[in-house]
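> Okay, handing you the structure first.
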Amino acid sequence: MRIQVVTVGTTGSVAPYTGLAHRLMAEGHDVELVTHAKFATMAGCCGLSMRPLEADPFEALIRARTSLSAAGRRVNALRALRSAGSFVRAAEQGMLSLADSILGAVDPKADLLLLSSIAAPIGTVVARHHGIASMGVFLQPDVPTAEFSHCTLAPRPAGRANAVRARAANALMDTVYRTANRELHARLGLARRSGHRLRGDRERSQWPIWHGYSPWVVPHPADWRPGLHEAGYWWPHECPNWQPPALVADFLAAGPPPVLIGFGSTMPGDPQQLGELAARALRRAGLRGIIQSGWAGLRVVGDDLITVDALPHGWLMPRTAAVVHHGGAGTTAAGLRAGVPAVPVPVMTDQPWWAARLVQLGVAPDAIPFAELTSARLADALTRATRDPEPGRRAAAAADRLAREDGAGAVARAVAGIA
C-alpha cells in the first residue's frame, strides 16, 4: 500500500511516528512521512521518505500558550483575557496555514492516510475529497468518557461529568479549526461543515483510531464506541550509526547515574532562572545532573553538572537515576520505557494529565506544577525518587511490561486488514 503518515507539532509529536512508519515500511508498504521540514534529518536517518510541510506554526503557538499560562498565574484578568484572545487568533491562523500545507502534501494516489490528532480534522476532509482511506494514530485520548478526564483538563475521579467536560473541551478545540475549515472546504468546492459537525461525522462513522500508548498506562474505557483501540506505544526509530558525544559518555562514566532534567519543546519561563533552580535542587539532593537545553534554551555549568542538546531518549534515559520532565506524551512514554523514576513538572495542555498518570502508576513520587516549582520542592521530590526503592521498583516493572507490547505491530496488523 501507498501510505502517508501525517503528523504535526513538536519533536514529541513527530519522533514516535518515525518508528511507526519504519515498521510499516518493513512490512512491505510504500511509506512517506509528512511533517515539518525541520525533521528531515530525523526522517532521513530512519531511511524514510519524507514530504515536508511548508507551514510550521507550533513554536509560535507554544510561545503564545506559555504567555497565556503566565498571564493566568499573575491573576491579571485583563492581561489573561488579552493573552487568551491572542492565542486563539494565533492558533486559528496556524491551522489555516497548516491546512494549506496538508492539502498540498497529500498524494491523491495514496491508498491510506494515517493522521495524528492535530492533523486529523484537516486530513480527514482532504482524504474524503480524494477518496483515500484514513485512520487516526493518536498519542493522547480525546474521545469523551466517564472513566477519566479529557487529556487537556485537570485529572478528576471517574464520573459522568468527565464526559460533559470533555465534550466542551473538544468543542473549544474545534473552534481553532474554524477558519481553516472554511477555507479548506471553499478550495475543494465542498459545502462547508463546522468542526463540530466533522467531529460528529467521524464519531458516527466509527472512524478508527489507534492510540499509541499502553492499555496498562491508560485502560480502555468501557463506554467508548467501537473503533477505538490502544495499540501500545510505538517508539522513535533510532539512527543505527548514532554515537553519543564524548562529553556525555565521559560524564556518565565518571560517577553514579545522574538525573536528567529537560522540558522538551516547552518554554517555561526565564531559562537562566530555571537552570539555576535546577542546579540548586541537584546540589541540595546531592545528585549529579544532565540538563537538556530544549526549546527553553537552558544552559547550566557546574560541578557534577553538564548541559546537552537533543539526545535520543532511548539511549540516555536508561542510564540515569531519574528524569525530571514536562510530562509531554512522548517524553512520558520514553521515561516509562527506560524504567527509571520520574518527577514530572507539567506546564500546559496534556502535560498535567500525563503527570497525574505517572503518580497513579507509582513511578513518580509527586508531580510539581511548573507554577509551584521551587528548588526545595524539586530537591525533595528527587530525593524520594532516587532513595525510596518503591518508585524505582515500579518503574522497572513498567519497563518490563511495556517491553512485551508491540504498538507498531498492532497498527501494522490493522493496516493489513484495510489492504
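Residues in the C-alpha cells are named by chain (A, B, ... in the order shown) and by number from 1 within that chain; ligands are numbered from 1 in the order shown.
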If we count only C-alpha atoms, what is near stretch 353-370 of chain A at a cut-off of 7 Å, once residues fewer than 5 positions away on the same chain are taken out, given as a list in words?

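Near neighbours after the sequence-gap exclusion: Cys151, Thr152, Leu153, Ala154, Pro155, Gly327, Ala329, Pro341, Ala342, Val343, Pro344, Val345, Pro346, Val347, Ala381, Arg384, Ala385, Pro391, Gly392, Arg394 and Ala395 of chain A.
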
> Can you tell me, as a list of chain:residue names, what residues are no more than 10 Å from stretch 245-247 of chain A when counting only C-alpha atoms, ignoring any on the same chain fewer than 2 positions away?

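After dropping sequence-adjacent residues, the list is A:Trp242, A:Gln243, A:Ala249, A:Asp250, A:Phe251, A:Leu252, A:Ile306, A:Thr307, A:Val308, A:Leu311.
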
> I need the residues from that last selection saved to file as a PDB file, in the first residue's frame (with C-alpha atoms), if you can.


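Okay, this is what ended up in selection-v4.pdb:
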ATOM      1  CA  TRP A 242      24.498   7.261  16.161  1.00  0.00           C
ATOM      2  CA  GLN A 243      27.239   7.720  18.755  1.00  0.00           C
ATOM      3  CA  ALA A 249      29.933   9.402  27.573  1.00  0.00           C
ATOM      4  CA  ASP A 250      32.786  10.637  29.779  1.00  0.00           C
ATOM      5  CA  PHE A 251      30.390  12.260  32.259  1.00  0.00           C
ATOM      6  CA  LEU A 252      28.343   9.086  32.620  1.00  0.00           C
ATOM      7  CA  ILE A 306      26.589  19.311  32.225  1.00  0.00           C
ATOM      8  CA  THR A 307      24.256  20.799  29.614  1.00  0.00           C
ATOM      9  CA  VAL A 308      23.491  18.938  26.390  1.00  0.00           C
ATOM     10  CA  LEU A 311      19.972  13.263  22.591  1.00  0.00           C
TER      11      LEU A 311
END

> Name the residues of stretch 140-269 of chain A that come out as strand (DSSP E) in a backbone DSSP run; write them as a PyMOL selection string.

chain A and resi 209-211+228-230+259-262

> Could the residues in this selection be written to a file with N, CA and C atoms, as a JSON list (two decimals), in the first residue's frame?


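Contents of result.json, as written:
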[["chain", "number", "residue", "atom", "x", "y", "z"],
["A", 209, "ILE", "N", -9.50, 4.80, 15.32],
["A", 209, "ILE", "CA", -8.37, 5.48, 15.94],
["A", 209, "ILE", "C", -7.57, 4.46, 16.75],
["A", 210, "TRP", "N", -6.28, 4.38, 16.45],
["A", 210, "TRP", "CA", -5.37, 3.56, 17.23],
["A", 210, "TRP", "C", -4.52, 4.51, 18.08],
["A", 211, "HIS", "N", -4.52, 4.27, 19.38],
["A", 211, "HIS", "CA", -3.81, 5.14, 20.30],
["A", 211, "HIS", "C", -2.43, 4.56, 20.62],
["A", 228, "LEU", "N", -12.26, 2.33, 18.54],
["A", 228, "LEU", "CA", -11.21, 2.98, 19.33],
["A", 228, "LEU", "C", -10.36, 1.91, 20.01],
["A", 229, "HIS", "N", -9.04, 1.99, 19.82],
["A", 229, "HIS", "CA", -8.15, 0.93, 20.27],
["A", 229, "HIS", "C", -6.91, 1.52, 20.93],
["A", 230, "GLU", "N", -6.32, 0.75, 21.85],
["A", 230, "GLU", "CA", -5.00, 1.06, 22.39],
["A", 230, "GLU", "C", -4.01, 0.08, 21.75],
["A", 259, "VAL", "N", 20.79, 12.58, 37.20],
["A", 259, "VAL", "CA", 19.40, 12.93, 36.92],
["A", 259, "VAL", "C", 19.36, 13.70, 35.61],
["A", 260, "LEU", "N", 18.42, 13.36, 34.75],
["A", 260, "LEU", "CA", 18.21, 14.12, 33.53],
["A", 260, "LEU", "C", 17.09, 15.12, 33.77],
["A", 261, "ILE", "N", 17.34, 16.38, 33.45],
["A", 261, "ILE", "CA", 16.33, 17.44, 33.58],
["A", 261, "ILE", "C", 16.14, 18.11, 32.23],
["A", 262, "GLY", "N", 14.92, 18.08, 31.73],
["A", 262, "GLY", "CA", 14.64, 18.72, 30.44],
["A", 262, "GLY", "C", 13.15, 19.00, 30.28]]

> Quick check, in Å to one decimal: how far apart do atom CA of A:Arg288 and atom CA of A:Asp303 lie?

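Going from atom CA of A:Arg288 over to atom CA of A:Asp303 covers 8.2 Å.
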
> Atom CA of A:Met317 and atom CA of A:Cys239 are how many Å apart?

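Those two atoms sit 16.4 Å apart.
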
> Need the shell around A:Met173: protein/DNA/RNA residues with any atom at most 12 Å away, counting only C-alpha atoms. Skip same-chain ones fewer than 5 positions apart. Format as a PyMOL selection string?

chain A and resi 88+91-92+95+117-118+121+142+150+152+166-168+178+194-196+199+349

> At a cut-off of 12 Å, can you tabulate as JSON lines every residue of stretch 193-262 of chain A near stretch 10-18 of chain A together with its closest atom pair and the distance in Å to one decimal, using only C-alpha atoms and ordering rows by chain then number?


{"residue": "A:His211", "atom": "CA", "partner": "A:Pro16", "partner_atom": "CA", "distance": 11.8}
{"residue": "A:Gly212", "atom": "CA", "partner": "A:Pro16", "partner_atom": "CA", "distance": 8.6}
{"residue": "A:Tyr213", "atom": "CA", "partner": "A:Pro16", "partner_atom": "CA", "distance": 10.7}
{"residue": "A:Gly232", "atom": "CA", "partner": "A:Pro16", "partner_atom": "CA", "distance": 11.7}
{"residue": "A:Tyr233", "atom": "CA", "partner": "A:Pro16", "partner_atom": "CA", "distance": 8.3}
{"residue": "A:Trp234", "atom": "CA", "partner": "A:Pro16", "partner_atom": "CA", "distance": 5.9}
{"residue": "A:Trp235", "atom": "CA", "partner": "A:Pro16", "partner_atom": "CA", "distance": 5.0}
{"residue": "A:Pro236", "atom": "CA", "partner": "A:Pro16", "partner_atom": "CA", "distance": 4.2}
{"residue": "A:His237", "atom": "CA", "partner": "A:Thr18", "partner_atom": "CA", "distance": 5.5}
{"residue": "A:Glu238", "atom": "CA", "partner": "A:Thr18", "partner_atom": "CA", "distance": 8.7}
{"residue": "A:Cys239", "atom": "CA", "partner": "A:Thr18", "partner_atom": "CA", "distance": 10.5}

> As a PyMOL selection string, please: every residue in stretch 267-379 of chain A that DSSP puts in alpha helix (DSSP H).

chain A and resi 271-285+313-316+329-338+351-361+375-379

> Which residues come within 8 Å of A:Val34, counting only C-alpha atoms, excluding same-chain residues fewer than 5 positions away, as a list of chain:residue names?

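Once the nearby chain positions are removed, what remains is A:Gln4, A:Val5, A:Val6, A:Thr7, A:Met50, A:Arg51, A:Pro52, A:Leu53, A:Ala105.
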
> Write out, as a CSV table (one decimal), in the first residue's frame, the residues just selected, with C-alpha atoms.


chain,number,residue,atom,x,y,z
A,4,GLN,CA,1.3,8.7,4.1
A,5,VAL,CA,1.8,9.2,7.8
A,6,VAL,CA,0.8,12.8,8.6
A,7,THR,CA,1.9,14.3,11.9
A,50,MET,CA,9.6,12.5,3.7
A,51,ARG,CA,7.4,15.1,2.2
A,52,PRO,CA,7.9,18.4,4.1
A,53,LEU,CA,5.0,20.7,5.2
A,105,ALA,CA,1.3,17.5,0.6

> Excluding A:Arg192 and any residue of its chain fewer than 4 positions from it, enumerate the residues within 12 Å of it, using only C-alpha atoms, and give them as a ChimeraX atom specification.

/A:125,178-188,196-198

> Filtering to N, CA and C atoms, could you give me those residues as a PDB file, in the first residue's frame?


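The resulting file, selection-v4.pdb, is reproduced below:
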ATOM      1  N   VAL A 125     -10.775  15.559   5.960  1.00  0.00           N
ATOM      2  CA  VAL A 125     -11.502  16.272   4.891  1.00  0.00           C
ATOM      3  C   VAL A 125     -10.800  16.058   3.556  1.00  0.00           C
ATOM      4  N   ARG A 178     -11.771  26.668  12.832  1.00  0.00           N
ATOM      5  CA  ARG A 178     -12.891  27.321  12.157  1.00  0.00           C
ATOM      6  C   ARG A 178     -12.472  27.961  10.832  1.00  0.00           C
ATOM      7  N   THR A 179     -11.469  28.818  10.866  1.00  0.00           N
ATOM      8  CA  THR A 179     -11.028  29.494   9.649  1.00  0.00           C
ATOM      9  C   THR A 179     -10.455  28.493   8.647  1.00  0.00           C
ATOM     10  N   ALA A 180      -9.678  27.543   9.128  1.00  0.00           N
ATOM     11  CA  ALA A 180      -9.089  26.536   8.242  1.00  0.00           C
ATOM     12  C   ALA A 180     -10.176  25.718   7.547  1.00  0.00           C
ATOM     13  N   ASN A 181     -11.199  25.317   8.293  1.00  0.00           N
ATOM     14  CA  ASN A 181     -12.290  24.541   7.691  1.00  0.00           C
ATOM     15  C   ASN A 181     -13.003  25.330   6.608  1.00  0.00           C
ATOM     16  N   ARG A 182     -13.272  26.587   6.889  1.00  0.00           N
ATOM     17  CA  ARG A 182     -13.973  27.417   5.903  1.00  0.00           C
ATOM     18  C   ARG A 182     -13.169  27.519   4.613  1.00  0.00           C
ATOM     19  N   GLU A 183     -11.879  27.835   4.730  1.00  0.00           N
ATOM     20  CA  GLU A 183     -11.054  27.997   3.537  1.00  0.00           C
ATOM     21  C   GLU A 183     -10.808  26.663   2.835  1.00  0.00           C
ATOM     22  N   LEU A 184     -10.621  25.603   3.602  1.00  0.00           N
ATOM     23  CA  LEU A 184     -10.358  24.293   3.003  1.00  0.00           C
ATOM     24  C   LEU A 184     -11.560  23.807   2.202  1.00  0.00           C
ATOM     25  N   HIS A 185     -12.748  23.931   2.755  1.00  0.00           N
ATOM     26  CA  HIS A 185     -13.953  23.497   2.034  1.00  0.00           C
ATOM     27  C   HIS A 185     -14.173  24.344   0.777  1.00  0.00           C
ATOM     28  N   ALA A 186     -13.863  25.633   0.880  1.00  0.00           N
ATOM     29  CA  ALA A 186     -14.021  26.504  -0.286  1.00  0.00           C
ATOM     30  C   ALA A 186     -13.049  26.100  -1.394  1.00  0.00           C
ATOM     31  N   ARG A 187     -11.808  25.821  -1.042  1.00  0.00           N
ATOM     32  CA  ARG A 187     -10.811  25.444  -2.049  1.00  0.00           C
ATOM     33  C   ARG A 187     -11.145  24.114  -2.711  1.00  0.00           C
ATOM     34  N   LEU A 188     -11.774  23.209  -1.952  1.00  0.00           N
ATOM     35  CA  LEU A 188     -12.119  21.896  -2.506  1.00  0.00           C
ATOM     36  C   LEU A 188     -13.503  21.882  -3.155  1.00  0.00           C
ATOM     37  N   HIS A 196     -17.396  21.020  14.618  1.00  0.00           N
ATOM     38  CA  HIS A 196     -18.251  20.193  15.472  1.00  0.00           C
ATOM     39  C   HIS A 196     -18.957  19.117  14.645  1.00  0.00           C
ATOM     40  N   ARG A 197     -19.449  19.498  13.481  1.00  0.00           N
ATOM     41  CA  ARG A 197     -20.132  18.517  12.628  1.00  0.00           C
ATOM     42  C   ARG A 197     -19.147  17.488  12.087  1.00  0.00           C
ATOM     43  N   LEU A 198     -17.957  17.932  11.716  1.00  0.00           N
ATOM     44  CA  LEU A 198     -16.950  16.996  11.216  1.00  0.00           C
ATOM     45  C   LEU A 198     -16.576  15.978  12.285  1.00  0.00           C
TER      46      LEU A 198
END

> Quick one: distance from atom CA of A:Trp315 to atom CA of A:Gly330 in Å, one decimal?

14.5 Å

> Tell me which of A:Gly289, A:Pro271, A:Gly417, A:Gly47 sits closest to A:Pro257, counting only C-alpha atoms.

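Closest to A:Pro257 of all the choices is A:Gly289.
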
> Of the residues A:Arg404, A:Arg377, A:Lys109, A:Arg23, which is the one nearest to A:His130, using only C-alpha atoms?

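Among the listed residues, the smallest separation from A:His130 belongs to A:Lys109.
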